[in-house]
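Participant: My questions will all concern the structure given below.
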Amino acid sequence: MFDLILRGATLPDGRANMDIGIRGERIAALQPALDGDAAKEIDVSGRLVTPPFVDAHFHMDSTLSYGLPRVNRSGTLLEGIALWGELKPHLTQEAVVERALAYCDWAVARGLLAIRSHVDVCDPRLLAVEALLEVKKRVAPYLDLQLVAFPQDGVLRSPGARDLLLRALDLGVDVVGGIPHFERTMAEGAASVRLLCEIAAERGLLVDMHCDESDDPLSRHVETLAYEAQRLGLQGRVTGSHLTSMHSMDNYYVSKLIPLMAEAQLGVVANPLINITLQGRHDTYPKRRGMTRVPELMAAGLTVAFGHDCVMDPWYPLGSGDMLEVAHMGLHVAQMTGQDAMKASFDAVTVNAARLLHLEGYGLEAGCRADLVVLQAGDPVEAIRTRATRLFVLRRGRIVSRCEPAAARLDLPGRPASVDFLFRRDHAG
Ligand code: FE2
């Protein structure tokens, strides 16, 4: 006896006509033609059923603040950081909580049920930290929010930042962050990486740093990050976010760097929407794309995820919590248009991101948590192509969001009455 059975699912790996039996909060069985009764059954024939989307890199303390106190006129990273500095003293805990909760509603509706958010700790009040810890508690029934202590103004460069970061960790922030390329010198950047990795090792925490978010090919803090991960026994527990300088690095140097990163089992997060808009700003033409070397890093066996990074904040005026939009941009920027590469882009916003977050019970197997998304698409590529409607979103076996299939009503003589942009008719409707 099951609480719910989803009948006829297509899985991301291509298996079709699978029945998913859910008991309590977990997947109890996953097989074709599942025998047994259920309190409720849903026919999902031909629909793609996937574990939820996971955003490996976000800033929830600034989200939905677009236009406060003014918009970013140049659109650059540095004006964004300056603008955030202007906004910070005027933040209230209530407003941060309210905006974050509103964003989490969007996320759930998009089937995005786990988010790693950096939270700025360079504020003596730690107001955003307290606000997001409160949000984390409130959304826990429907969304996993993992917080990174992020010293936006530099852990060494900003007075008191080290103590504030430690206080944030004491308060319950999960992951150690950093921003070595924003420290005053290369040497201080390297020292910050060492310090922050040591803090993580002492406390048994994961690391996720903004690293080399720059077009400077000589910004090589990722090398230090890989070295420290290995020296401190943090293999598989350290992530480098952005790594945009790798786009501009000398190929010979990269041929040494990527194996070092693989040895340290570094996680990698590219943020395609943000990288393509913020990098290359000092270029005239040709303009660099600025995204890190995603296909090459994947080929070397590293876990690479795509993050959203920003939605309607000082750095980015667009977005709606749709990780399919992120995957869509990522595969374009990286020219990953082969079938396997497109599927890998889907993995970058699902399983790869879940691995970087060390999410427990994530996946599509008996025993995994019954966190699932039913999409109006037949496979991952179609989901990306159409930014497919999330028909059902399940959290711990319970439907937390639903949507009618998208279809336009046509009024054309001699043509079908509706169009839904699906390619193969066997999973249309
Ligand atoms: Fe970021």
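Every chain in the structure tokens has a letter given in the order shown (A, B, ...), and although residue numbers restart at 1 in each chain, ligands are simply numbered from 1 in the order shown.
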I need the strand (DSSP E) residues of segment 165-400 of chain A per DSSP on the backbone, written as a ChimeraX atom specification.
Facilitator: /A:175-176,206-211,238-242,267-270,303-306,372-375,390-395,398-400
Participant: Could you build a table of the residues in segment 23-96 of chain A lying no more than 12 Å from segment 175-184 of chain A, giving for each the nearest pair of atoms and their separation in Å rounded to one decimal place, using only C-alpha atoms, ordered by chain and ascending residue number, as JSON lines?
Facilitator:
```
{"residue": "A:His57", "atom": "CA", "partner": "A:Gly177", "partner_atom": "CA", "distance": 11.3}
{"residue": "A:Leu77", "atom": "CA", "partner": "A:Phe182", "partner_atom": "CA", "distance": 11.5}
{"residue": "A:Leu78", "atom": "CA", "partner": "A:Phe182", "partner_atom": "CA", "distance": 10.4}
{"residue": "A:Ile81", "atom": "CA", "partner": "A:Phe182", "partner_atom": "CA", "distance": 10.8}
```
Participant: Find the spatial neighbours of segment 143-157 of chain A, counting only C-alpha atoms, within a cut-off of 9 Å - ignore same-chain residues fewer than 2 positions away - and output them as number ranges by chain.
Facilitator: A: 81, 104, 107-108, 112-122, 129, 132-133, 135-137, 139-141, 159-166, 168-169, 172-184, 188-189, 191-192, 196, 206-210, 357, 359, 395
Participant: If you count only C-alpha atoms, which residues fall within 7 Å of Gly236 of chain A, apart from same-chain ones fewer than 6 positions away, as a CSV table (one decimal) with N, CA and C atoms, in the first residue's frame?
Facilitator:
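Saved to out.csv:
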```csv
chain,number,residue,atom,x,y,z
A,265,GLN,N,39.4,17.2,-6.0
A,265,GLN,CA,38.0,17.0,-6.1
A,265,GLN,C,37.2,18.3,-5.8
A,266,LEU,N,37.7,19.4,-6.4
A,266,LEU,CA,37.0,20.6,-6.2
A,266,LEU,C,35.7,20.6,-6.9
A,267,GLY,N,34.7,21.2,-6.3
A,267,GLY,CA,33.4,21.5,-7.0
A,267,GLY,C,33.5,22.8,-7.7
```
Participant: Using only C-alpha atoms, determine which residues lie at most 9 Å from Thr244 of chain A, disregarding the query and same-chain residues fewer than 2 positions distant; provide the list as a list in words.
Facilitator: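 These residues fall inside the cut-off: Cys211, Asp212, Glu213, Ser214, Asp215, Asp216, Pro217, Ser241, His242, Met246, His247, Ser248, Ala270, Asn275, Gln279, Arg289, Gly290, Met291, Thr292 and Arg293 of chain A.
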Participant: Okay, now the selection with N, CA, C and O atoms, as a PDB file, in the first residue's frame?
Facilitator:
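Wrote part02.pdb, looks like this:
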```
ATOM      1  N   CYS A 211      35.471  32.858  -6.390  1.00  0.00           N
ATOM      2  CA  CYS A 211      36.895  32.723  -6.650  1.00  0.00           C
ATOM      3  C   CYS A 211      37.211  33.188  -8.066  1.00  0.00           C
ATOM      4  O   CYS A 211      36.637  32.688  -9.028  1.00  0.00           O
ATOM      5  N   ASP A 212      38.102  34.159  -8.171  1.00  0.00           N
ATOM      6  CA  ASP A 212      38.552  34.629  -9.490  1.00  0.00           C
ATOM      7  C   ASP A 212      37.393  35.089 -10.363  1.00  0.00           C
ATOM      8  O   ASP A 212      37.354  34.790 -11.561  1.00  0.00           O
ATOM      9  N   GLU A 213      36.460  35.827  -9.792  1.00  0.00           N
ATOM     10  CA  GLU A 213      35.360  36.382 -10.604  1.00  0.00           C
ATOM     11  C   GLU A 213      35.900  37.648 -11.264  1.00  0.00           C
ATOM     12  O   GLU A 213      35.656  38.771 -10.819  1.00  0.00           O
ATOM     13  N   SER A 214      36.644  37.427 -12.328  1.00  0.00           N
ATOM     14  CA  SER A 214      37.465  38.465 -12.928  1.00  0.00           C
ATOM     15  C   SER A 214      37.828  38.026 -14.336  1.00  0.00           C
ATOM     16  O   SER A 214      37.805  36.838 -14.657  1.00  0.00           O
ATOM     17  N   ASP A 215      38.166  38.995 -15.189  1.00  0.00           N
ATOM     18  CA  ASP A 215      38.676  38.660 -16.523  1.00  0.00           C
ATOM     19  C   ASP A 215      40.196  38.640 -16.543  1.00  0.00           C
ATOM     20  O   ASP A 215      40.796  38.504 -17.609  1.00  0.00           O
ATOM     21  N   ASP A 216      40.812  38.810 -15.373  1.00  0.00           N
ATOM     22  CA  ASP A 216      42.271  38.857 -15.282  1.00  0.00           C
ATOM     23  C   ASP A 216      42.833  37.431 -15.347  1.00  0.00           C
ATOM     24  O   ASP A 216      42.645  36.648 -14.414  1.00  0.00           O
ATOM     25  N   PRO A 217      43.531  37.098 -16.441  1.00  0.00           N
ATOM     26  CA  PRO A 217      44.022  35.720 -16.570  1.00  0.00           C
ATOM     27  C   PRO A 217      45.022  35.343 -15.484  1.00  0.00           C
ATOM     28  O   PRO A 217      45.295  34.160 -15.269  1.00  0.00           O
ATOM     29  N   SER A 241      33.349  28.981  -6.853  1.00  0.00           N
ATOM     30  CA  SER A 241      32.241  29.565  -7.606  1.00  0.00           C
ATOM     31  C   SER A 241      32.770  30.615  -8.568  1.00  0.00           C
ATOM     32  O   SER A 241      33.702  31.351  -8.235  1.00  0.00           O
ATOM     33  N   HIS A 242      32.147  30.688  -9.706  1.00  0.00           N
ATOM     34  CA  HIS A 242      32.464  31.628 -10.792  1.00  0.00           C
ATOM     35  C   HIS A 242      33.693  31.185 -11.592  1.00  0.00           C
ATOM     36  O   HIS A 242      33.549  30.756 -12.721  1.00  0.00           O
ATOM     37  N   MET A 246      39.368  31.743 -15.457  1.00  0.00           N
ATOM     38  CA  MET A 246      39.796  30.569 -16.243  1.00  0.00           C
ATOM     39  C   MET A 246      39.457  30.719 -17.718  1.00  0.00           C
ATOM     40  O   MET A 246      40.119  30.134 -18.581  1.00  0.00           O
ATOM     41  N   HIS A 247      38.398  31.512 -17.995  1.00  0.00           N
ATOM     42  CA  HIS A 247      38.021  31.759 -19.395  1.00  0.00           C
ATOM     43  C   HIS A 247      39.175  32.424 -20.151  1.00  0.00           C
ATOM     44  O   HIS A 247      39.384  32.165 -21.334  1.00  0.00           O
ATOM     45  N   SER A 248      39.901  33.296 -19.445  1.00  0.00           N
ATOM     46  CA  SER A 248      40.922  34.130 -20.095  1.00  0.00           C
ATOM     47  C   SER A 248      42.340  33.606 -19.902  1.00  0.00           C
ATOM     48  O   SER A 248      43.290  34.168 -20.430  1.00  0.00           O
ATOM     49  N   ALA A 270      29.487  27.477 -12.212  1.00  0.00           N
ATOM     50  CA  ALA A 270      29.442  28.582 -13.180  1.00  0.00           C
ATOM     51  C   ALA A 270      28.071  29.238 -13.047  1.00  0.00           C
ATOM     52  O   ALA A 270      27.085  28.564 -12.755  1.00  0.00           O
ATOM     53  N   ASN A 275      27.620  35.631 -15.484  1.00  0.00           N
ATOM     54  CA  ASN A 275      28.949  35.701 -16.111  1.00  0.00           C
ATOM     55  C   ASN A 275      28.860  36.364 -17.489  1.00  0.00           C
ATOM     56  O   ASN A 275      29.676  37.213 -17.830  1.00  0.00           O
ATOM     57  N   GLN A 279      30.954  39.813 -17.122  1.00  0.00           N
ATOM     58  CA  GLN A 279      32.352  39.694 -17.551  1.00  0.00           C
ATOM     59  C   GLN A 279      32.552  40.372 -18.916  1.00  0.00           C
ATOM     60  O   GLN A 279      31.588  40.679 -19.618  1.00  0.00           O
ATOM     61  N   ARG A 289      33.331  36.002 -23.215  1.00  0.00           N
ATOM     62  CA  ARG A 289      32.097  35.547 -22.559  1.00  0.00           C
ATOM     63  C   ARG A 289      32.276  35.481 -21.044  1.00  0.00           C
ATOM     64  O   ARG A 289      31.339  35.694 -20.308  1.00  0.00           O
ATOM     65  N   GLY A 290      33.466  35.097 -20.626  1.00  0.00           N
ATOM     66  CA  GLY A 290      33.757  35.131 -19.192  1.00  0.00           C
ATOM     67  C   GLY A 290      33.345  33.902 -18.401  1.00  0.00           C
ATOM     68  O   GLY A 290      33.735  33.761 -17.256  1.00  0.00           O
ATOM     69  N   MET A 291      32.569  33.001 -18.985  1.00  0.00           N
ATOM     70  CA  MET A 291      32.187  31.817 -18.200  1.00  0.00           C
ATOM     71  C   MET A 291      33.372  30.852 -18.150  1.00  0.00           C
ATOM     72  O   MET A 291      34.147  30.745 -19.103  1.00  0.00           O
ATOM     73  N   THR A 292      33.480  30.137 -17.017  1.00  0.00           N
ATOM     74  CA  THR A 292      34.588  29.197 -16.856  1.00  0.00           C
ATOM     75  C   THR A 292      34.476  28.034 -17.849  1.00  0.00           C
ATOM     76  O   THR A 292      33.480  27.908 -18.561  1.00  0.00           O
ATOM     77  N   ARG A 293      35.503  27.184 -17.881  1.00  0.00           N
ATOM     78  CA  ARG A 293      35.597  26.171 -18.947  1.00  0.00           C
ATOM     79  C   ARG A 293      34.775  24.936 -18.602  1.00  0.00           C
ATOM     80  O   ARG A 293      35.327  23.880 -18.248  1.00  0.00           O
TER      81      ARG A 293
END
```
Participant: One number please: atom CA of Arg7 of chain A to atom CA of Val326 of chain A, in Å, one decimal.
Facilitator: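 These atoms are spaced 29.1 Å apart.
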Participant: Choose the residue, out of A:Ile20, A:Val311, A:Leu375, A:Leu391, that has the smallest atom-to-atom separation from ligand 1; count only C-alpha atoms and all ligand atoms.
Facilitator: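 Among A:Ile20, A:Val311, A:Leu375, A:Leu391, it is A:Val311 that comes nearest to ligand 1.
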Participant: How many Å lie between atom CA of Met1 of chain A and atom CA of Ile27 of chain A, rounded to one decimal?
Facilitator: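 Going from atom CA of Met1 of chain A over to atom CA of Ile27 of chain A covers 12.5 Å.
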Participant: Here is a test: counting only C-alpha atoms and all ligand atoms, which residue of A:Ser345, A:Asn72, A:Asn271, A:Ser418 is nearest to ligand 1?
Facilitator: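 Nearest to ligand 1: A:Asn271.
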Participant: Between A:Glu382, A:Glu365, A:Glu79, A:Asp61, single out the one closest to ligand 1, counting only C-alpha atoms and all ligand atoms.
Facilitator: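 The closest residue to ligand 1 is A:Asp61.
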Participant: So how many Å separate atom CA of Pro259 of chain A and atom CA of His358 of chain A, to one decimal?
Facilitator: 22.7 Å
Participant: Would you kindly return, as a list in words, each protein, DNA or RNA residue with an atom no farther than 12 Å from any atom of Glu360 of chain A, considering only C-alpha atoms and excluding same-chain residues fewer than 5 positions away?
Facilitator: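 Close residues of Glu360 of chain A: Arg26, Ala114, Asp144, Val351, Ala354, Arg355, Gly367, Cys368, Arg369, Ala370 and Asp371 of chain A.
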Participant: Once DSSP has gone over the backbone, tell me which residues of segment 149-358 of chain A are in alpha helix (DSSP H), as a VMD selection string.
Facilitator: chain A and resid 161 to 171 186 to 203 221 to 231 245 to 248 251 to 263 272 to 278 294 to 299 323 to 333 339 to 348 351 to 357
Participant: Could you check the closest approach to Arg167 of chain A for each of A:Arg15, A:Arg125, A:Arg99, A:His332 and tell me which residue wins, using only C-alpha atoms?
Facilitator: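 Ranking A:Arg15, A:Arg125, A:Arg99, A:His332 by distance to Arg167 of chain A, first place goes to A:Arg125.
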Participant: Please provide as a PyMOL selection string all residues within 7 Å of Val96 of chain A, with the sequence filter that same-chain residues fewer than 2 positions apart are discarded (counting only C-alpha atoms).
Facilitator: chain A and resi 61+92-94+98-100+128+131
Participant: Which residue out of A:Val294, A:Ile274, A:Val44, A:Ala82 has the minimum interatomic distance to ligand 1 when only C-alpha atoms and all ligand atoms are used?
Facilitator: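 Result for the nearest residue to ligand 1: A:Ile274.
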